[in-house]
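What's in structure35.txt: compact mmCIF, C-alpha atoms
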# COMPACT_ATOMS: atom_id res chain seq x y z
CA MET A 108 -14.20 -13.82 31.33
CA VAL A 109 -15.28 -11.39 28.61
CA GLU A 110 -15.19 -14.14 25.98
CA GLN A 111 -16.75 -16.86 28.15
CA GLY A 112 -19.63 -14.79 29.51
CA ASN A 113 -19.54 -15.82 33.17
CA PHE A 114 -17.20 -16.99 35.92
CA THR A 115 -18.21 -20.65 35.62
CA ASN A 116 -17.40 -20.90 31.92
CA ALA A 117 -14.20 -18.92 32.39
CA ALA A 118 -13.10 -21.24 35.18
CA ASP A 119 -13.82 -24.32 33.05
CA HIS A 120 -11.92 -22.80 30.12
CA LEU A 121 -8.87 -22.02 32.30
CA GLY A 122 -9.06 -25.26 34.27
CA ILE A 123 -9.14 -23.52 37.65
CA ALA A 124 -11.71 -23.03 40.38
CA LYS A 125 -14.48 -20.46 39.92
CA ALA A 126 -13.50 -18.80 43.21
CA LEU A 127 -9.99 -18.19 41.87
CA VAL A 128 -11.33 -16.47 38.75
CA SER A 129 -13.44 -14.15 40.88
CA LYS A 130 -10.48 -13.52 43.19
CA TYR A 131 -8.10 -12.64 40.32
CA VAL A 132 -10.61 -10.27 38.71
CA GLY A 133 -11.16 -8.57 42.06
CA GLN A 134 -7.42 -8.14 42.57
CA LEU A 135 -7.06 -6.64 39.09
CA GLU A 136 -9.90 -4.17 39.76
CA GLU A 137 -8.30 -3.19 43.06
CA HIS A 138 -4.94 -2.68 41.32
CA LEU A 139 -6.49 -0.52 38.59
CA GLY A 140 -8.80 1.33 40.93
CA THR A 141 -11.85 0.80 38.72
CA ARG A 142 -14.64 -1.69 38.16
CA LEU A 143 -14.20 -3.96 35.12
CA LEU A 144 -17.29 -6.16 35.61
CA ASN A 145 -20.82 -5.54 36.84
CA ARG A 146 -21.93 -8.42 39.04
CA THR A 147 -25.49 -9.38 40.05
CA THR A 148 -26.89 -12.59 41.48
CA ARG A 149 -28.06 -13.60 37.98
CA ASN A 150 -25.37 -12.45 35.59
CA VAL A 151 -22.04 -10.74 35.03
CA SER A 152 -21.50 -8.03 32.39
CA VAL A 153 -18.44 -6.08 31.32
CA THR A 154 -18.31 -2.34 32.02
CA GLU A 155 -17.31 0.19 29.36
CA THR A 156 -13.91 0.54 31.04
CA GLY A 157 -13.61 -3.22 31.24
CA GLN A 158 -14.34 -3.59 27.51
CA LEU A 159 -11.68 -0.98 26.62
CA TYR A 160 -9.17 -2.66 28.94
CA TYR A 161 -9.92 -6.07 27.44
CA GLU A 162 -9.56 -4.87 23.84
CA ARG A 163 -6.27 -3.12 24.57
CA CYS A 164 -4.87 -6.15 26.40
CA GLN A 165 -5.94 -8.38 23.51
CA GLN A 166 -4.09 -6.14 21.03
CA LEU A 167 -0.98 -6.09 23.22
CA LEU A 168 -0.97 -9.88 23.40
CA GLU A 169 -1.36 -10.13 19.62
CA ASP A 170 1.49 -7.66 19.11
CA LEU A 171 3.69 -9.65 21.48
CA ASP A 172 2.79 -12.84 19.64
CA ASP A 173 3.65 -11.19 16.30
CA LEU A 174 6.97 -9.99 17.70
CA GLU A 175 7.90 -13.46 18.93
CA THR A 176 6.86 -14.95 15.59
CA SER A 177 8.96 -12.46 13.62
CA ILE A 178 12.01 -13.15 15.79
CA GLN A 179 11.59 -16.89 15.39
CA ALA A 180 11.04 -16.47 11.65
CA ARG A 181 14.45 -14.86 11.21
CA ASP A 182 16.02 -18.23 11.95
CA SER A 183 13.87 -20.14 9.44
CA LYS A 184 14.04 -20.09 5.65
CA PRO A 185 11.11 -18.56 3.72
CA HIS A 186 9.32 -21.21 1.71
CA GLY A 187 6.07 -21.92 -0.14
CA LYS A 188 3.98 -20.14 -2.78
CA LEU A 189 3.55 -16.37 -2.53
CA LYS A 190 0.61 -14.88 -4.46
CA ILE A 191 1.16 -11.24 -5.43
CA THR A 192 -0.79 -8.71 -7.47
CA ALA A 193 0.57 -5.42 -8.80
CA PRO A 194 -0.13 -2.70 -11.39
CA THR A 195 0.67 -3.91 -14.89
CA THR A 196 3.27 -1.42 -16.08
CA PHE A 197 5.11 -1.18 -12.76
CA GLY A 198 5.19 -4.96 -12.58
CA GLU A 199 6.58 -5.31 -16.08
CA LEU A 200 9.21 -2.59 -15.75
CA TYR A 201 10.51 -3.06 -12.20
CA LEU A 202 8.81 -5.75 -10.14
CA THR A 203 9.70 -8.76 -12.28
CA GLU A 204 13.39 -7.88 -12.06
CA ALA A 205 13.12 -7.51 -8.29
CA ILE A 206 11.35 -10.87 -8.07
CA SER A 207 14.16 -12.53 -10.00
CA ASP A 208 16.69 -11.15 -7.51
CA PHE A 209 14.53 -12.23 -4.57
CA LEU A 210 14.12 -15.79 -5.88
CA SER A 211 17.85 -16.15 -6.35
CA GLN A 212 18.24 -15.42 -2.63
CA HIS A 213 15.25 -17.54 -1.54
CA PRO A 214 15.18 -20.73 -3.63
CA PHE A 215 12.43 -22.35 -1.55
CA VAL A 216 9.86 -19.65 -2.42
CA GLU A 217 7.57 -19.79 -5.47
CA ILE A 218 5.89 -16.58 -6.65
CA GLN A 219 2.63 -16.34 -8.58
CA LEU A 220 2.32 -12.79 -9.91
CA THR A 221 -0.88 -11.31 -11.32
CA LEU A 222 -0.50 -7.99 -13.12
CA THR A 223 -3.67 -5.92 -13.45
CA ASP A 224 -4.68 -2.28 -13.22
CA ARG A 225 -8.07 -3.04 -11.67
CA PHE A 226 -8.62 -2.83 -7.92
CA VAL A 227 -8.09 -6.29 -6.45
CA ASN A 228 -9.76 -7.45 -3.24
CA ILE A 229 -6.81 -9.46 -1.99
CA ILE A 230 -8.76 -11.19 0.79
CA GLU A 231 -11.61 -12.42 -1.43
CA GLU A 232 -9.26 -13.37 -4.26
CA GLY A 233 -6.72 -15.13 -2.08
CA PHE A 234 -3.62 -12.96 -2.54
CA ASP A 235 -0.91 -12.76 0.10
CA LEU A 236 0.25 -9.32 -0.98
CA ALA A 237 -0.60 -6.40 -3.28
CA LEU A 238 1.53 -3.51 -4.47
CA ARG A 239 -0.43 -0.27 -4.73
CA ILE A 240 0.43 3.26 -5.78
CA GLY A 241 -1.29 6.39 -4.46
CA ILE A 242 -3.55 7.09 -1.51
CA LEU A 243 -4.76 4.00 0.32
CA GLU A 244 -8.46 3.83 1.12
CA ASP A 245 -9.01 0.34 2.56
CA THR A 246 -8.21 0.71 6.26
CA SER A 247 -8.87 -2.97 6.98
CA LEU A 248 -5.51 -3.86 5.41
CA ILE A 249 -1.98 -3.41 6.69
CA ALA A 250 0.37 -1.32 4.54
CA ARG A 251 4.11 -0.74 4.49
CA LYS A 252 5.57 2.06 2.41
CA LEU A 253 8.22 0.93 -0.05
CA GLY A 254 9.07 4.21 -1.74
CA ASP A 255 7.83 7.32 -3.54
CA ILE A 256 6.55 7.71 -7.09
CA ARG A 257 6.09 11.12 -8.72
CA LEU A 258 3.62 12.02 -11.42
CA VAL A 259 5.31 14.02 -14.17
CA THR A 260 4.15 15.87 -17.27
CA CYS A 261 6.16 15.35 -20.44
CA ALA A 262 6.21 15.51 -24.22
CA SER A 263 8.65 14.91 -27.05
CA SER A 264 10.85 17.71 -28.38
CA GLU A 265 9.31 17.26 -31.82
CA TYR A 266 5.80 17.86 -30.48
CA LEU A 267 6.91 20.86 -28.41
CA ASN A 268 8.84 22.41 -31.28
CA LYS A 269 5.78 22.13 -33.48
CA GLN A 270 3.03 23.06 -31.00
CA GLY A 271 4.93 25.26 -28.58
CA TYR A 272 6.21 24.89 -25.01
CA PRO A 273 3.46 25.49 -22.40
CA ALA A 274 4.85 27.47 -19.48
CA HIS A 275 1.97 26.90 -17.07
CA PRO A 276 -0.51 24.04 -16.49
CA SER A 277 -3.37 26.39 -17.39
CA GLU A 278 -2.12 26.30 -21.00
CA LEU A 279 -2.86 22.58 -21.35
CA GLY A 280 -6.29 23.37 -22.80
CA ASN A 281 -4.50 24.49 -25.97
CA HIS A 282 -2.65 21.19 -26.37
CA ALA A 283 -3.37 17.58 -27.27
CA CYS A 284 -3.27 15.58 -24.05
CA ILE A 285 -2.91 11.80 -24.05
CA LEU A 286 -5.19 10.48 -21.31
CA ASP A 287 -4.64 7.42 -19.11
CA SER A 288 -8.07 6.11 -18.11
CA ASN A 289 -6.54 4.12 -15.24
CA MET A 290 -6.12 7.37 -13.33
CA LYS A 291 -8.95 8.54 -11.07
CA THR A 292 -8.97 12.01 -12.62
CA VAL A 293 -8.64 11.03 -16.27
CA ASP A 294 -9.04 14.46 -17.89
CA ARG A 295 -8.45 16.61 -14.80
CA TRP A 296 -4.74 16.71 -14.05
CA PRO A 297 -3.78 17.83 -10.51
CA TYR A 298 -1.05 20.42 -9.91
CA GLN A 299 0.19 22.59 -7.05
CA ILE A 300 -0.61 26.21 -7.97
CA ASP A 301 -0.13 29.09 -5.51
CA GLY A 302 0.29 26.56 -2.71
CA LYS A 303 -2.99 24.77 -3.40
CA PRO A 304 -3.88 21.60 -5.34
CA VAL A 305 -5.75 22.51 -8.53
CA ASN A 306 -7.26 20.18 -11.14
CA ILE A 307 -6.61 21.40 -14.68
CA SER A 308 -9.12 20.30 -17.31
CA THR A 309 -7.51 18.63 -20.32
CA LYS A 310 -8.64 17.18 -23.62
CA GLY A 311 -7.04 15.16 -26.35
CA PRO A 312 -7.41 12.82 -29.29
CA PHE A 313 -6.55 9.61 -27.45
CA GLN A 314 -7.55 7.92 -24.19
CA VAL A 315 -6.33 4.44 -23.21
CA ASN A 316 -6.19 2.27 -20.09
CA SER A 317 -2.47 1.57 -20.35
CA ALA A 318 0.43 3.64 -19.06
CA GLN A 319 2.73 2.01 -21.61
CA ALA A 320 0.36 2.88 -24.46
CA VAL A 321 0.28 6.50 -23.26
CA ARG A 322 4.09 6.53 -23.23
CA ASN A 323 4.33 5.06 -26.72
CA THR A 324 1.86 7.61 -28.07
CA VAL A 325 3.78 10.52 -26.56
CA LEU A 326 7.04 9.13 -27.96
CA ASN A 327 5.32 9.22 -31.36
CA HIS A 328 4.93 13.02 -30.89
CA ALA A 329 1.11 12.92 -30.60
CA GLY A 330 0.76 15.03 -27.46
CA ILE A 331 1.49 15.64 -23.78
CA SER A 332 1.14 13.01 -21.06
CA ARG A 333 0.93 12.91 -17.28
CA SER A 334 2.57 9.69 -16.21
CA PRO A 335 4.16 7.99 -13.21
CA ILE A 336 7.90 8.65 -13.28
CA PHE A 337 8.73 4.95 -13.54
CA VAL A 338 6.98 4.78 -16.92
CA VAL A 339 8.99 7.56 -18.60
CA SER A 340 12.20 7.97 -16.58
CA LYS A 341 14.38 6.08 -19.08
CA ASP A 342 13.00 8.16 -21.97
CA ILE A 343 13.68 11.37 -20.05
CA LYS A 344 17.23 10.29 -19.23
CA ALA A 345 17.79 9.42 -22.89
CA GLY A 346 16.47 12.82 -24.00
CA HIS A 347 13.50 11.41 -25.89
CA LEU A 348 11.00 13.20 -23.63
CA LYS A 349 11.11 16.61 -21.93
CA LEU A 350 9.70 17.39 -18.48
CA LEU A 351 7.12 20.17 -18.16
CA PHE A 352 5.75 22.07 -15.14
CA GLU A 353 8.31 20.74 -12.64
CA ASP A 354 7.62 23.71 -10.35
CA TYR A 355 3.92 22.83 -10.20
CA GLU A 356 4.02 19.10 -9.49
CA LEU A 357 2.27 17.71 -6.42
CA PRO A 358 4.25 15.77 -3.78
CA ALA A 359 5.11 12.21 -4.73
CA GLN A 360 2.62 9.40 -4.18
CA GLY A 361 3.50 6.37 -2.10
CA LEU A 362 4.32 2.87 -3.28
CA PHE A 363 2.91 0.43 -0.72
CA ALA A 364 2.96 -3.25 0.05
CA VAL A 365 -0.52 -4.13 1.29
CA TYR A 366 -1.55 -7.34 3.02
CA PRO A 367 -4.40 -8.66 5.19
CA HIS A 368 -4.18 -8.24 8.94
CA ARG A 369 -3.12 -11.61 10.24
CA LYS A 370 -1.98 -12.80 13.61
CA HIS A 371 1.02 -14.52 12.02
CA LEU A 372 2.48 -12.93 8.91
CA ALA A 373 4.04 -15.69 6.84
CA ASN A 374 7.83 -15.65 6.74
CA LYS A 375 7.81 -15.66 2.92
CA THR A 376 5.62 -12.52 2.86
CA ARG A 377 7.66 -10.73 5.48
CA ALA A 378 10.91 -11.56 3.67
CA PHE A 379 9.61 -10.27 0.34
CA ILE A 380 8.33 -6.99 1.82
CA ASP A 381 11.65 -6.43 3.61
CA PHE A 382 13.48 -7.11 0.34
CA LEU A 383 11.39 -4.60 -1.63
CA GLN A 384 11.72 -1.96 1.06
CA VAL A 385 15.51 -2.12 0.85
CA LYS A 386 15.46 -2.17 -2.95
CA PHE A 387 13.02 0.68 -3.57
CA LYS A 388 12.85 3.03 -0.61
CA HIS A 389 16.12 4.96 -0.56
CA THR A 390 17.34 4.91 -4.17
CA PRO A 391 14.41 3.84 -6.38
CA PRO A 392 15.73 2.80 -9.82
CA TRP A 393 13.08 4.84 -11.66
CA GLU A 394 14.17 8.22 -10.29
CA ILE A 395 16.11 10.69 -12.41
CA ASP A 396 19.55 11.55 -11.03
Would you kindly transcribe this structure into structure tokens?
Amino acid sequence: MVEQGNFTNAADHLGIAKALVSKYVGQLEEHLGTRLLNRTTRNVSVTETGQLYYERCQQLLEDLDDLETSIQARDSKPHGKLKITAPTTFGELYLTEAISDFLSQHPFVEIQLTLTDRFVNIIEEGFDLALRIGILEDTSLIARKLGDIRLVTCASSEYLNKQGYPAHPSELGNHACILDSNMKTVDRWPYQIDGKPVNISTKGPFQVNSAQAVRNTVLNHAGISRSPIFVVSKDIKAGHLKLLFEDYELPAQGLFAVYPHRKHLANKTRAFIDFLQVKFKHTPPWEID
């Protein structure tokens, strides 16, 4: 009735008599104890309560449809091309390996991966899925958390032995900082100080839009970096880099799988997200033991 505009059109759409439509709406209003439609001799309009009831019922029906689809999908094999975009360094270090494992389990799926550090509009550019790190801002998309990623501050022992070990983030102004221009706060590094988030101003001889380039520069003893843990975890484990300011780090950021809101989520997409959630959420391979 809400979609069709009047009882006549609704009756034609449902293939039943107009009197039955009016009767069923009346019974529903009596059951709920409220008026859903305003009726006059010339037209019918939905009340505010009726509009809210309609929207909620519509969402419930869509959720039920999604549930039935997901149950049915468990019995069918994922297949077809899956278009994914992800941050460059994370994709190179961890996602490609995960994709190889996924494809070995799902031979009927083809994956087209685009690695880029720019913000991708996945709807306009035709992607099925995006991996994103940090705070999500686009509320029109659906997101599932896959794991946690910390930002850590580190430098080589050679640099620290030569320039000194800073004991507090406020001392960064006296050091060469290697800046990653992909980060939103390029030269203002956030820390937790006295229970509050504080941005510390930094400066340095080198700024680059590549987390790997920042890592390589720090490994060459040129300064201090603030990097996602997955970029430097192997170097820290090997003793090539030293962690700084561990007591001042902010809580970890989220790693999310983001996809458009669709009535039917493709089985291939659902299977890949489920796979990544198992692989990354509980024991992410980039964390330091």
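Nearest residue to A:Leu189, choosing from A:Ile242, A:Leu258, A:Val385, A:Leu372 and counting only C-alpha atoms: A:Leu372.
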Draw an axis-aligned box tight on the listed atoms of stretch 292-309 of chain A, then pad every side by 5 Å and write out centre and edge lengths in Å to one decimal as AutoDock Vina command-line options.
--center_x -4.4 --center_y 20.1 --center_z -11.5 --size_x 19.4 --size_y 28.1 --size_z 27.6
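Pairwise distance (atom CA of A:Pro335, atom CA of A:Arg257) equals 5.8 Å.
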Next on the checklist: Neighbouring residues of A:Lys388 were defined as those with any atom within 6 Å, considering only C-alpha atoms; residues of the same chain fewer than 2 positions away were excluded. Please report them as a VMD selection string.
Outcome noted: chain A and resid 253 to 254 384 to 385
I'd like a table as JSON lines: residues in stretch 357-391 of chain A with an atom no more than 12 Å from stretch 229-237 of chain A, each row giving the shortest atom pair and its distance in Å to one decimal, all atoms listed in the file counted, sorted by chain and rising residue number.
{"residue": "A:Leu362", "atom": "CA", "partner": "A:Ala237", "partner_atom": "CA", "distance": 10.5}
{"residue": "A:Phe363", "atom": "CA", "partner": "A:Ala237", "partner_atom": "CA", "distance": 8.1}
{"residue": "A:Ala364", "atom": "CA", "partner": "A:Ala237", "partner_atom": "CA", "distance": 5.8}
{"residue": "A:Val365", "atom": "CA", "partner": "A:Ala237", "partner_atom": "CA", "distance": 5.1}
{"residue": "A:Tyr366", "atom": "CA", "partner": "A:Leu236", "partner_atom": "CA", "distance": 4.8}
{"residue": "A:Pro367", "atom": "CA", "partner": "A:Ile230", "partner_atom": "CA", "distance": 6.7}
{"residue": "A:His368", "atom": "CA", "partner": "A:Ile230", "partner_atom": "CA", "distance": 9.8}
{"residue": "A:Arg369", "atom": "CA", "partner": "A:Asp235", "partner_atom": "CA", "distance": 10.4}
{"residue": "A:Leu372", "atom": "CA", "partner": "A:Asp235", "partner_atom": "CA", "distance": 9.4}
{"residue": "A:Ala373", "atom": "CA", "partner": "A:Asp235", "partner_atom": "CA", "distance": 8.9}
{"residue": "A:Asn374", "atom": "CA", "partner": "A:Asp235", "partner_atom": "CA", "distance": 11.4}
{"residue": "A:Lys375", "atom": "CA", "partner": "A:Asp235", "partner_atom": "CA", "distance": 9.6}
{"residue": "A:Thr376", "atom": "CA", "partner": "A:Asp235", "partner_atom": "CA", "distance": 7.1}
{"residue": "A:Arg377", "atom": "CA", "partner": "A:Leu236", "partner_atom": "CA", "distance": 9.9}
{"residue": "A:Ala378", "atom": "CA", "partner": "A:Leu236", "partner_atom": "CA", "distance": 11.8}
{"residue": "A:Phe379", "atom": "CA", "partner": "A:Leu236", "partner_atom": "CA", "distance": 9.5}
{"residue": "A:Ile380", "atom": "CA", "partner": "A:Leu236", "partner_atom": "CA", "distance": 8.9}
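Our summary of the geometry notes that atom CA of A:Glu136 is positioned 25.3 Å from atom CA of A:Asp172.
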Checklist outcome for this item: Separating atom CA of A:Asn316 from atom CA of A:Asn228, to the nearest tenth of an Å, is a gap of 19.8 Å
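Among A:Glu204, A:Gln158, A:Phe337, A:Ile331, the residue with the shortest atom-to-atom distance to A:His282, counting all atoms listed in the file, is A:Ile331.
All residues of protein, DNA or RNA that reach within 7 Å of A:Gln219, judged by all atoms listed in the file and not counting those fewer than 2 positions away in the chain, are A:Leu189, A:Lys190, A:Ile191, A:Glu217, A:Thr221.
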Next on the checklist: At a cut-off of 10 Å, using all atoms listed in the file, what residues contact A:Ser334? Leave out same-chain residues fewer than 3 positions from it and give the result as a ChimeraX atom specification.
Outcome noted: /A:257-261,285-287,290,318-319,321-322,331,337-340
Item to check | Pick from A:Val305, A:Leu267, A:Ala124, A:Leu139, whichever lies nearest to A:Tyr160 using only C-alpha atoms | outcome: A:Leu139
Item to check | Within 9 Å of stretch 274-278 of chain A using all atoms listed in the file, minus same-chain residues under 3 positions, as a VMD selection string | outcome: chain A and resid 281 to 282 296 298 300 307 to 308 351 to 352 355
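If you measure from each of A:Tyr131, A:Phe313, A:Trp393, A:Phe382 to A:Leu200 using all atoms listed in the file, the closest one turns out to be A:Trp393.
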Checklist entry - Using only C-alpha atoms, which of A:Ile256, A:Ala329, A:Cys284, A:Ile395 sits nearest A:Leu357? => result A:Ile256
Item to check | Nearest candidate to A:Thr324 (options A:Ile336, A:Gln134, A:Ser247, A:Ala283; using only C-alpha atoms) | outcome: A:Ala283
N, CA and C atoms of stretch 146-157 of chain A, written as a compact mmCIF listing (two decimals), in the first residue's frame:
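After the write, out.txt holds the following:
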# COMPACT_ATOMS: atom_id res chain seq x y z
N ARG A 146 -7.21 8.13 5.69
CA ARG A 146 -8.11 7.87 4.56
C ARG A 146 -9.06 9.05 4.39
N THR A 147 -9.22 9.53 3.16
CA THR A 147 -10.26 10.50 2.80
C THR A 147 -10.97 9.96 1.57
N THR A 148 -12.00 10.65 1.13
CA THR A 148 -12.72 10.19 -0.06
C THR A 148 -11.87 10.32 -1.32
N ARG A 149 -10.82 11.17 -1.27
CA ARG A 149 -10.02 11.41 -2.47
C ARG A 149 -8.68 10.67 -2.46
N ASN A 150 -8.09 10.52 -1.29
CA ASN A 150 -6.78 9.87 -1.29
C ASN A 150 -6.50 9.17 0.03
N VAL A 151 -5.41 8.40 0.01
CA VAL A 151 -4.93 7.69 1.19
C VAL A 151 -3.47 8.06 1.40
N SER A 152 -3.09 8.41 2.63
CA SER A 152 -1.70 8.75 2.92
C SER A 152 -1.24 8.00 4.15
N VAL A 153 0.04 7.74 4.23
CA VAL A 153 0.60 6.99 5.35
C VAL A 153 0.86 7.94 6.52
N THR A 154 0.55 7.50 7.73
CA THR A 154 0.84 8.30 8.93
C THR A 154 2.33 8.16 9.29
N GLU A 155 2.78 8.98 10.21
CA GLU A 155 4.18 8.89 10.65
C GLU A 155 4.45 7.52 11.27
N THR A 156 3.50 7.04 12.08
CA THR A 156 3.64 5.71 12.67
C THR A 156 3.63 4.64 11.60
N GLY A 157 2.75 4.82 10.62
CA GLY A 157 2.67 3.86 9.52
C GLY A 157 3.97 3.78 8.73
